[in-house]
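A.B. asks: Sharing run-v7.csv, CSV, C-alpha atoms:
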chain,number,residue,atom,x,y,z
A,55,MET,CA,98.2,41.2,144.3
A,56,ASN,CA,97.7,38.0,146.3
A,57,VAL,CA,100.1,35.1,146.6
A,58,ARG,CA,98.1,32.9,144.2
A,59,ALA,CA,98.2,35.6,141.5
A,60,ALA,CA,101.9,36.3,142.1
A,61,ILE,CA,102.7,32.6,141.7
A,62,GLY,CA,100.7,32.5,138.5
A,63,ILE,CA,102.4,35.5,137.0
A,64,ALA,CA,105.8,34.2,138.1
A,65,GLY,CA,105.0,30.9,136.4
A,66,LEU,CA,104.0,32.5,133.2
A,67,VAL,CA,107.1,34.7,133.2
A,68,LEU,CA,109.4,31.7,133.8
A,69,LEU,CA,107.6,29.7,131.1
A,70,GLY,CA,108.2,32.5,128.6
A,71,ALA,CA,111.8,32.9,129.6
A,72,CYS,CA,112.5,29.2,129.4
A,73,SER,CA,111.0,29.0,125.9
A,74,ALA,CA,112.8,32.0,124.5
A,75,PRO,CA,115.4,30.0,122.5
A,76,ASN,CA,112.5,28.2,120.6
A,77,ALA,CA,114.6,25.1,120.7
A,78,ARG,CA,111.7,22.8,119.8
A,79,TRP,CA,110.6,25.0,117.0
A,80,LEU,CA,114.1,25.2,115.5
A,81,ARG,CA,114.2,21.4,115.5
A,82,SER,CA,110.9,21.2,113.7
A,83,VAL,CA,112.3,23.8,111.1
A,84,GLU,CA,115.3,21.7,110.6
A,85,GLU,CA,113.2,18.6,110.0
A,86,ALA,CA,110.8,20.4,107.7
A,87,GLN,CA,113.8,21.8,105.7
A,88,ARG,CA,115.3,18.3,105.4
A,89,ALA,CA,112.0,16.8,104.3
A,90,ALA,CA,111.4,19.6,101.8
A,91,ASP,CA,114.9,19.2,100.3
A,92,ALA,CA,114.3,15.4,100.0
A,93,ALA,CA,110.9,16.0,98.3
A,94,ARG,CA,112.4,18.5,95.9
A,95,VAL,CA,115.2,16.0,94.9
A,96,GLU,CA,112.5,13.4,94.2
A,97,GLY,CA,110.7,16.0,92.1
A,98,ASP,CA,107.7,16.3,94.4
A,99,LEU,CA,107.4,20.0,94.5
A,100,GLU,CA,103.9,20.0,96.1
A,101,ALA,CA,105.2,17.9,99.0
A,102,ALA,CA,108.2,20.2,99.4
A,103,ARG,CA,105.8,23.2,99.6
A,104,GLU,CA,103.6,21.4,102.2
A,105,HIS,CA,106.6,20.7,104.4
A,106,LEU,CA,107.6,24.4,104.4
A,107,LEU,CA,104.2,25.9,105.0
A,108,PRO,CA,104.2,25.5,108.8
A,109,VAL,CA,107.6,27.1,109.0
A,110,ALA,CA,106.5,30.1,107.0
A,111,ASP,CA,103.4,30.4,109.2
A,112,GLY,CA,105.5,30.2,112.3
A,113,GLU,CA,103.4,27.3,113.7
A,114,GLY,CA,104.5,26.3,117.1
A,115,VAL,CA,106.9,29.1,117.6
A,116,GLN,CA,107.1,30.3,121.2
A,117,ASP,CA,108.8,33.7,120.8
A,118,SER,CA,108.0,35.2,117.4
A,119,ASN,CA,109.8,38.5,118.2
A,120,GLY,CA,113.3,37.4,117.5
A,121,SER,CA,115.1,38.2,114.2
A,122,GLY,CA,116.0,34.5,113.9
A,123,VAL,CA,112.4,33.4,113.7
A,124,ARG,CA,111.6,36.2,111.3
A,125,ALA,CA,114.6,35.2,109.0
A,126,LEU,CA,113.6,31.5,109.0
A,127,ARG,CA,109.9,32.3,108.3
A,128,GLN,CA,111.0,34.7,105.4
A,129,ASP,CA,113.3,32.1,104.0
A,130,ALA,CA,110.5,29.6,104.0
A,131,HIS,CA,108.2,32.0,102.3
A,132,TYR,CA,110.9,32.6,99.7
A,133,GLN,CA,111.4,28.9,99.1
A,134,ILE,CA,107.6,28.3,98.8
A,135,ALA,CA,107.3,31.2,96.4
A,136,ARG,CA,110.1,29.7,94.2
A,137,LEU,CA,108.4,26.3,94.3
A,138,ALA,CA,105.1,28.0,93.4
A,139,LEU,CA,106.7,29.5,90.3
A,140,GLU,CA,108.0,26.1,89.3
A,141,LEU,CA,104.5,24.8,89.7
A,142,ASP,CA,103.2,27.6,87.5
A,143,ASP,CA,101.4,29.2,90.4
A,144,GLY,CA,102.3,32.9,90.0
A,145,ALA,CA,99.5,34.1,92.3
A,146,GLY,CA,100.7,31.7,95.0
A,147,ALA,CA,104.2,32.9,94.6
A,148,LEU,CA,103.1,36.6,94.9
A,149,ARG,CA,101.1,35.8,98.0
A,150,HIS,CA,104.0,34.2,99.8
A,151,ALA,CA,106.4,37.0,98.7
A,152,ASP,CA,104.0,39.6,100.1
A,153,ALA,CA,103.5,37.6,103.4
A,154,GLY,CA,107.3,37.4,103.8
A,155,ILE,CA,107.9,41.0,102.9
A,156,ALA,CA,105.4,42.0,105.6
A,157,LEU,CA,107.7,40.6,108.2
A,158,GLY,CA,110.2,43.4,107.4
A,159,GLY,CA,113.9,43.2,108.4
A,160,GLY,CA,115.4,45.1,105.5
A,161,ASP,CA,118.2,42.5,105.1
A,162,LEU,CA,119.1,39.5,103.0
A,163,TYR,CA,115.9,37.7,103.6
A,164,GLU,CA,113.6,40.6,102.7
A,165,ALA,CA,115.7,41.3,99.6
A,166,ASN,CA,115.2,37.7,98.4
A,167,LEU,CA,111.5,38.2,98.8
A,168,TRP,CA,111.5,41.3,96.6
A,169,ILE,CA,113.3,39.3,94.0
A,170,VAL,CA,110.8,36.5,94.0
A,171,ARG,CA,108.0,39.0,94.0
A,172,GLY,CA,109.5,40.5,90.9
A,173,GLN,CA,109.7,37.0,89.4
A,174,ALA,CA,106.0,36.4,90.3
A,175,ASN,CA,104.9,39.7,88.8
A,176,GLU,CA,106.9,38.9,85.7
A,177,HIS,CA,105.2,35.5,85.6
A,178,LEU,CA,101.8,37.3,85.8
A,179,GLY,CA,102.7,39.6,83.0
A,180,ARG,CA,103.2,42.7,85.2
A,181,ASP,CA,106.7,43.7,84.1
A,182,ASP,CA,106.5,47.3,85.4
A,183,VAL,CA,105.7,46.1,88.9
A,184,ALA,CA,108.4,43.5,88.6
A,185,GLY,CA,110.9,46.2,87.7
A,186,SER,CA,110.0,48.1,90.9
A,187,ASP,CA,110.3,44.9,92.9
A,188,TYR,CA,113.8,44.2,91.6
A,189,HIS,CA,114.8,47.8,92.3
A,190,ARG,CA,113.8,47.4,95.9
A,191,ALA,CA,115.9,44.2,96.1
A,192,LEU,CA,118.9,45.9,94.6
A,193,LEU,CA,118.6,48.8,97.1
A,194,LEU,CA,118.8,46.4,100.0
A,195,ASN,CA,121.6,44.4,98.3
A,196,ASP,CA,123.6,47.6,97.7
A,197,ALA,CA,123.2,48.6,101.4
A,198,MET,CA,124.5,45.1,102.5
A,199,LEU,CA,127.4,45.2,100.1
A,200,GLY,CA,128.3,48.8,101.2
A,201,ALA,CA,128.2,47.7,104.9
A,202,MET,CA,130.5,44.7,104.1
A,203,LEU,CA,133.0,47.0,102.3
A,204,ASP,CA,132.9,49.5,105.2
A,205,ASP,CA,133.7,46.6,107.7
A,206,ALA,CA,136.5,45.3,105.5
A,207,PRO,CA,140.0,46.0,106.9
B,70,MET,CA,75.5,23.8,228.2
B,71,ASN,CA,72.5,26.0,227.5
B,72,GLU,CA,74.6,29.1,228.1
B,73,LEU,CA,77.0,27.9,225.4
B,74,GLU,CA,74.2,27.2,223.0
B,75,ASP,CA,72.8,30.7,223.6
B,76,GLU,CA,76.2,32.3,222.9
B,77,ASP,CA,76.4,30.5,219.5
B,78,LEU,CA,73.1,31.7,218.3
B,79,PRO,CA,73.2,34.9,216.1
B,80,THR,CA,71.9,38.0,217.6
B,81,GLU,CA,69.1,40.1,216.1
B,82,GLU,CA,71.7,42.6,214.9
B,83,GLU,CA,73.8,39.9,213.3
B,84,LEU,CA,70.8,38.4,211.5
B,85,ALA,CA,69.9,41.9,210.2
B,86,GLU,CA,73.5,42.4,208.8
B,87,ALA,CA,73.4,39.0,207.2
B,88,ASP,CA,70.1,39.8,205.5
B,89,ALA,CA,71.4,43.2,204.3
B,90,LEU,CA,74.6,41.5,203.0
B,91,ALA,CA,72.6,38.8,201.1
B,92,ASN,CA,70.4,41.5,199.7
B,93,MET,CA,73.4,43.5,198.5
B,94,LEU,CA,75.0,40.4,196.9
B,95,GLU,CA,71.8,39.7,195.1
B,96,GLY,CA,71.9,43.2,193.5
B,97,GLY,CA,70.2,45.2,196.2
B,98,THR,CA,71.4,48.3,198.0
B,99,ASP,CA,74.2,48.3,200.5
B,100,GLU,CA,72.0,49.8,203.2
B,101,GLY,CA,72.6,48.2,206.6
B,102,VAL,CA,75.8,46.5,205.4
B,103,ALA,CA,79.0,47.3,207.4
B,104,GLU,CA,81.7,49.2,205.4
B,105,PRO,CA,84.3,46.3,205.4
B,106,LEU,CA,81.6,43.9,204.3
B,107,GLN,CA,80.5,46.3,201.5
B,108,GLU,CA,84.1,46.2,200.1
B,109,ALA,CA,84.2,42.5,200.3
B,110,ALA,CA,80.8,42.2,198.7
B,111,ALA,CA,81.9,44.5,195.9
B,112,LEU,CA,84.9,42.3,195.2
B,113,LEU,CA,82.8,39.2,195.2
B,114,ARG,CA,80.3,40.8,192.7
B,115,PHE,CA,83.2,41.9,190.4
B,116,ALA,CA,84.7,38.4,190.5
B,117,ALA,CA,81.3,37.0,189.6
B,118,ASP,CA,80.4,39.2,186.6
B,119,GLY,CA,82.2,42.5,186.9
B,120,ALA,CA,84.9,41.5,184.3
B,121,ALA,CA,82.4,40.2,181.8
B,122,LEU,CA,81.9,42.1,178.6
B,123,SER,CA,78.7,43.4,177.3
B,124,ASP,CA,77.6,42.2,173.8
B,125,ASP,CA,78.7,45.6,172.3
B,126,GLY,CA,82.0,45.5,174.1
B,127,ARG,CA,82.6,41.9,172.9
B,128,ALA,CA,81.8,42.9,169.3
B,129,ALA,CA,84.1,45.9,169.5
B,130,ALA,CA,86.9,43.8,170.9
B,131,LYS,CA,86.5,41.2,168.1
B,132,THR,CA,86.6,44.0,165.5
B,133,ARG,CA,89.8,45.4,166.9
B,134,ILE,CA,91.4,42.0,167.1
B,135,GLY,CA,90.2,41.2,163.5
B,136,GLU,CA,91.6,44.4,162.2
B,137,LYS,CA,95.0,43.8,163.8
B,138,GLN,CA,95.1,40.2,162.5
B,139,SER,CA,94.0,41.2,158.9
B,140,GLY,CA,96.6,44.0,158.9
B,141,GLU,CA,99.3,41.5,159.8
B,142,LYS,CA,98.0,39.0,157.2
B,143,ARG,CA,98.0,41.7,154.5
B,144,ARG,CA,101.6,42.6,155.4
B,145,LEU,CA,102.6,38.9,155.2
B,146,VAL,CA,100.8,38.5,151.8
B,147,ALA,CA,102.4,41.6,150.4
B,148,ALA,CA,105.8,40.4,151.6
B,149,LEU,CA,105.3,36.9,150.0
B,150,SER,CA,104.0,38.4,146.8
B,151,GLY,CA,107.0,40.7,146.6
B,152,ALA,CA,109.4,37.9,147.2
B,153,ILE,CA,107.8,35.7,144.5
B,154,ALA,CA,107.9,38.6,142.0
B,155,ALA,CA,111.5,39.3,142.8
B,156,ALA,CA,112.5,35.7,142.5
B,157,ALA,CA,110.7,35.5,139.1
B,158,ALA,CA,112.4,38.6,137.8
B,159,ALA,CA,115.8,37.3,138.9
B,160,ALA,CA,115.1,33.9,137.2
B,161,VAL,CA,114.2,35.7,134.0
B,162,LEU,CA,117.4,37.7,134.0
B,163,LEU,CA,119.4,34.5,134.6
B,164,LEU,CA,117.5,32.5,132.0
B,165,GLN,CA,117.1,35.1,129.3
B,166,THR,CA,119.1,34.3,126.2
B,167,PRO,CA,120.4,37.3,124.4
B,168,GLU,CA,119.3,37.9,120.8
B,169,VAL,CA,121.6,35.8,118.6
B,170,ALA,CA,123.2,37.8,115.8
B,171,LEU,CA,122.2,36.4,112.4
B,172,PRO,CA,125.1,35.2,110.3
B,173,SER,CA,126.4,37.8,107.8
B,174,PRO,CA,125.8,36.9,104.2
B,175,SER,CA,129.0,36.0,102.3
B,176,LEU,CA,130.2,38.2,99.4
B,177,GLN,CA,129.4,35.3,97.0
B,178,LEU,CA,125.8,35.2,98.3
B,179,LEU,CA,125.3,39.0,97.9
B,180,GLN,CA,126.8,38.9,94.4
B,181,ALA,CA,124.4,36.0,93.5
B,182,GLN,CA,121.5,38.0,95.0
B,183,ALA,CA,122.5,41.1,92.9
B,184,ARG,CA,122.6,39.0,89.7
B,185,ALA,CA,119.1,37.5,90.6
B,186,ALA,CA,117.8,41.1,91.2
B,187,ARG,CA,119.0,42.0,87.7
B,188,GLY,CA,117.1,39.0,86.3
B,189,GLU,CA,120.3,37.1,85.4
B,190,ASP,CA,120.5,33.9,87.3
B,191,ALA,CA,117.9,33.0,90.0
B,192,GLY,CA,119.2,29.5,90.3
B,193,ALA,CA,122.7,30.7,91.5
B,194,LEU,CA,120.9,32.5,94.4
B,195,ASP,CA,119.1,29.4,95.4
B,196,GLU,CA,122.3,27.4,95.4
B,197,ALA,CA,124.2,30.0,97.4
B,198,LEU,CA,121.3,30.1,99.9
B,199,VAL,CA,121.6,26.4,100.8
B,200,ALA,CA,124.9,26.9,102.7
B,201,HIS,CA,123.7,30.1,104.3
B,202,ARG,CA,120.4,28.4,105.4
B,203,ARG,CA,122.4,25.7,107.1
B,204,GLN,CA,124.6,28.3,108.8
B,205,LEU,CA,121.5,30.3,110.0
B,206,LEU,CA,119.9,27.3,111.6
B,207,GLY,CA,123.2,26.2,113.2
B,208,THR,CA,123.6,29.7,114.6
B,209,LEU,CA,120.1,29.9,116.0
B,210,GLN,CA,120.5,26.4,117.6
B,211,GLY,CA,123.8,27.5,119.1
B,212,THR,CA,125.8,24.8,117.3
B,213,ARG,CA,127.7,27.3,115.2
B,214,PRO,CA,129.3,30.6,116.2
Show how you would write the structure in this file as structure tokens.
C.D. replies:
Amino acid sequence: MNVRAAIGIAGLVLLGACSAPNARWLRSVEEAQRAADAARVEGDLEAAREHLLPVADGEGVQDSNGSGVRALRQDAHYQIARLALELDDGAGALRHADAGIALGGGDLYEANLWIVRGQANEHLGRDDVAGSDYHRALLLNDAMLGAMLDDAP
Amino acid sequence: MNELEDEDLPTEEELAEADALANMLEGGTDEGVAEPLQEAAALLRFAADGAALSDDGRAAAKTRIGEKQSGEKRRLVAALSGAIAAAAAAAVLLLQTPEVALPSPSLQLLQAQARAARGEDAGALDEALVAHRRQLLGTLQGTRP
């Protein structure tokens, strides 16, 4: 390793460390959420969906490994899927539910995505698959309720 | 006056010794040169070119010096690289933000989720999620505990 390479590596490491909190990305998420909420209030569901798409895709995120980023992206996928159902776009809703579920986590955010997946499959006339989706959501929900009761004094 | 001039003139023997000495200094043999003069001549010849290095000797010396210098340079580079890497690692440890714990969902939110999973009231889940979403963003931005 020579000095130039060491300086380069050190710079990259420091850059990564400094960007770990994803502060800029979080601000963009907050702005996107605010814009989506305003568009929804105005009845412009397409615009609301457009505002949330970059969040769901994780555009501009520096450190995509954190559970916070995962949760925000899953929540955006959930909202987009819900908007898609309102726009009578069952396939779009299913696509976003699947994309969010693929991020994992096994918590509140994944459970929401199983629910909206069930709704999308219901919308598409696949009630048997929808039942399985709701069941997956209930299993995660039960686990969280159980943990909450265990932690209660 | 003539006697003095005759005494100053070199003798045949002195002239022969001078010729032998000149011959020796020019690279000839030391034949006919007195022993003290031989030593003096040897010193003169050494001073002139005896300490000079041959081409091979000069090259070998350069190689040895180069090896010594590059060894020192390598050690310096290694030390600098190590210092930079150590400084970067220390900075990372100092700057690294620990993973923020996500806010726990409230009982009300989990109950709304359970109802939505049973196909009862999806709208109630959306409403309950508004407050949780705000709390999640605040937690990640460090503005809420």
A.B. asks: Between A:Leu178, A:Val115, A:Ala191, A:Ala89, which has the minimum distance to chain B (counting all atoms listed in the file)?
C.D. replies: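 Checking each candidate against chain B, we get A:Ala191 as the closest.
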A.B. asks: Could you jot down the atom CA of Met93 of chain B to atom CA of Pro105 of chain B separation for me, Å, one decimal place?
C.D. replies: 13.2 Å
A.B. asks: Give me the residues near segment 194-201 of chain B as an mmCIF file with C-alpha atoms, in the frame of the given file, where near means some atom within 12 Å (using only C-alpha atoms) and where sequence neighbours in that chain fewer than 4 positions away do not count.
C.D. replies:
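Final output, result.cif:
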data_model
loop_
_atom_site.group_PDB
_atom_site.id
_atom_site.type_symbol
_atom_site.label_atom_id
_atom_site.label_comp_id
_atom_site.auth_asym_id
_atom_site.auth_seq_id
_atom_site.Cartn_x
_atom_site.Cartn_y
_atom_site.Cartn_z
ATOM 1 C CA GLN A 87 113.800 21.800 105.700
ATOM 2 C CA ARG A 88 115.300 18.300 105.400
ATOM 3 C CA ASP A 91 114.900 19.200 100.300
ATOM 4 C CA ALA A 125 114.600 35.200 109.000
ATOM 5 C CA LEU A 126 113.600 31.500 109.000
ATOM 6 C CA ASP A 129 113.300 32.100 104.000
ATOM 7 C CA ALA A 130 110.500 29.600 104.000
ATOM 8 C CA TYR A 132 110.900 32.600 99.700
ATOM 9 C CA GLN A 133 111.400 28.900 99.100
ATOM 10 C CA ALA A 135 107.300 31.200 96.400
ATOM 11 C CA ARG A 136 110.100 29.700 94.200
ATOM 12 C CA LEU A 137 108.400 26.300 94.300
ATOM 13 C CA LEU A 162 119.100 39.500 103.000
ATOM 14 C CA TYR A 163 115.900 37.700 103.600
ATOM 15 C CA ALA A 165 115.700 41.300 99.600
ATOM 16 C CA ASN A 166 115.200 37.700 98.400
ATOM 17 C CA LEU A 167 111.500 38.200 98.800
ATOM 18 C CA ILE A 169 113.300 39.300 94.000
ATOM 19 C CA VAL A 170 110.800 36.500 94.000
ATOM 20 C CA LEU B 171 122.200 36.400 112.400
ATOM 21 C CA PRO B 172 125.100 35.200 110.300
ATOM 22 C CA SER B 173 126.400 37.800 107.800
ATOM 23 C CA PRO B 174 125.800 36.900 104.200
ATOM 24 C CA SER B 175 129.000 36.000 102.300
ATOM 25 C CA LEU B 176 130.200 38.200 99.400
ATOM 26 C CA GLN B 177 129.400 35.300 97.000
ATOM 27 C CA LEU B 178 125.800 35.200 98.300
ATOM 28 C CA LEU B 179 125.300 39.000 97.900
ATOM 29 C CA GLN B 180 126.800 38.900 94.400
ATOM 30 C CA ALA B 181 124.400 36.000 93.500
ATOM 31 C CA GLN B 182 121.500 38.000 95.000
ATOM 32 C CA ALA B 183 122.500 41.100 92.900
ATOM 33 C CA ARG B 184 122.600 39.000 89.700
ATOM 34 C CA ALA B 185 119.100 37.500 90.600
ATOM 35 C CA ALA B 186 117.800 41.100 91.200
ATOM 36 C CA ARG B 187 119.000 42.000 87.700
ATOM 37 C CA GLY B 188 117.100 39.000 86.300
ATOM 38 C CA GLU B 189 120.300 37.100 85.400
ATOM 39 C CA ASP B 190 120.500 33.900 87.300
ATOM 40 C CA LEU B 205 121.500 30.300 110.000
ATOM 41 C CA LEU B 206 119.900 27.300 111.600
ATOM 42 C CA GLY B 207 123.200 26.200 113.200
ATOM 43 C CA THR B 208 123.600 29.700 114.600
ATOM 44 C CA ARG B 213 127.700 27.300 115.200
#
A.B. asks: What is the atom CA of Ile155 of chain A-atom CA of Ala206 of chain A distance in Å, reported with one decimal?
C.D. replies: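 Taking atom CA of Ile155 of chain A and atom CA of Ala206 of chain A, their separation equals 29.0 Å.
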A.B. asks: By how many Å are atom CA of Val169 of chain B and atom CA of Pro108 of chain A apart?
C.D. replies: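 The value is 22.5 Å.
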A.B. asks: Please determine an axis-aligned box that encloses all atoms of segment 110-129 of chain A listed in the file, with 6 Å added on each side, and express its centre and edge lengths in Å to one decimal as lines of an AutoDock Vina configuration file.
C.D. replies:
center_x = 109.7
center_y = 32.4
center_z = 112.6
size_x = 24.6
size_y = 24.2
size_z = 29.2
A.B. asks: Select, counting all atoms listed in the file, all protein, DNA and RNA residues no farther than 10 Å from (75.6, 40.7, 207.0) in file coordinates, and express the selection as a PDB file with C-alpha atoms, keeping the file's coordinate frame.
C.D. replies:
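Below you can see result27.pdb, which holds the result:
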ATOM      1  CA  GLU B  82      71.700  42.600 214.900  1.00  0.00           C
ATOM      2  CA  GLU B  83      73.800  39.900 213.300  1.00  0.00           C
ATOM      3  CA  LEU B  84      70.800  38.400 211.500  1.00  0.00           C
ATOM      4  CA  ALA B  85      69.900  41.900 210.200  1.00  0.00           C
ATOM      5  CA  GLU B  86      73.500  42.400 208.800  1.00  0.00           C
ATOM      6  CA  ALA B  87      73.400  39.000 207.200  1.00  0.00           C
ATOM      7  CA  ASP B  88      70.100  39.800 205.500  1.00  0.00           C
ATOM      8  CA  ALA B  89      71.400  43.200 204.300  1.00  0.00           C
ATOM      9  CA  LEU B  90      74.600  41.500 203.000  1.00  0.00           C
ATOM     10  CA  ALA B  91      72.600  38.800 201.100  1.00  0.00           C
ATOM     11  CA  ASN B  92      70.400  41.500 199.700  1.00  0.00           C
ATOM     12  CA  MET B  93      73.400  43.500 198.500  1.00  0.00           C
ATOM     13  CA  GLY B 101      72.600  48.200 206.600  1.00  0.00           C
ATOM     14  CA  VAL B 102      75.800  46.500 205.400  1.00  0.00           C
ATOM     15  CA  ALA B 103      79.000  47.300 207.400  1.00  0.00           C
ATOM     16  CA  LEU B 106      81.600  43.900 204.300  1.00  0.00           C
ATOM     17  CA  GLN B 107      80.500  46.300 201.500  1.00  0.00           C
ATOM     18  CA  ALA B 110      80.800  42.200 198.700  1.00  0.00           C
TER      19      ALA B 110
END
A.B. asks: Between A:Gly172, A:Gly144, A:Gly97, A:Gly158, which one has atoms that come closest to Arg124 of chain A, using all atoms listed in the file?
C.D. replies: A:Gly158
A.B. asks: Show me the residues close to (107.2, 44.0, 89.9) - anything with an atom within 9 Å, counting all atoms listed in the file - and format the list as a ChimeraX atom specification.
C.D. replies: /A:168-169,171-176,180-189
A.B. asks: Find the spatial neighbours of Glu104 of chain A, counting all atoms listed in the file, within a cut-off of 10 Å - ignore same-chain residues fewer than 3 positions away - and output them as a ChimeraX atom specification.
C.D. replies: /A:86,89-90,93,99-101,107-109,134
A.B. asks: Between B:Arg203, B:Ala170, B:Ser150, B:Ala155, which has the minimum distance to chain A (counting only C-alpha atoms)?
C.D. replies: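 Closest to chain A of all the choices is B:Ser150.
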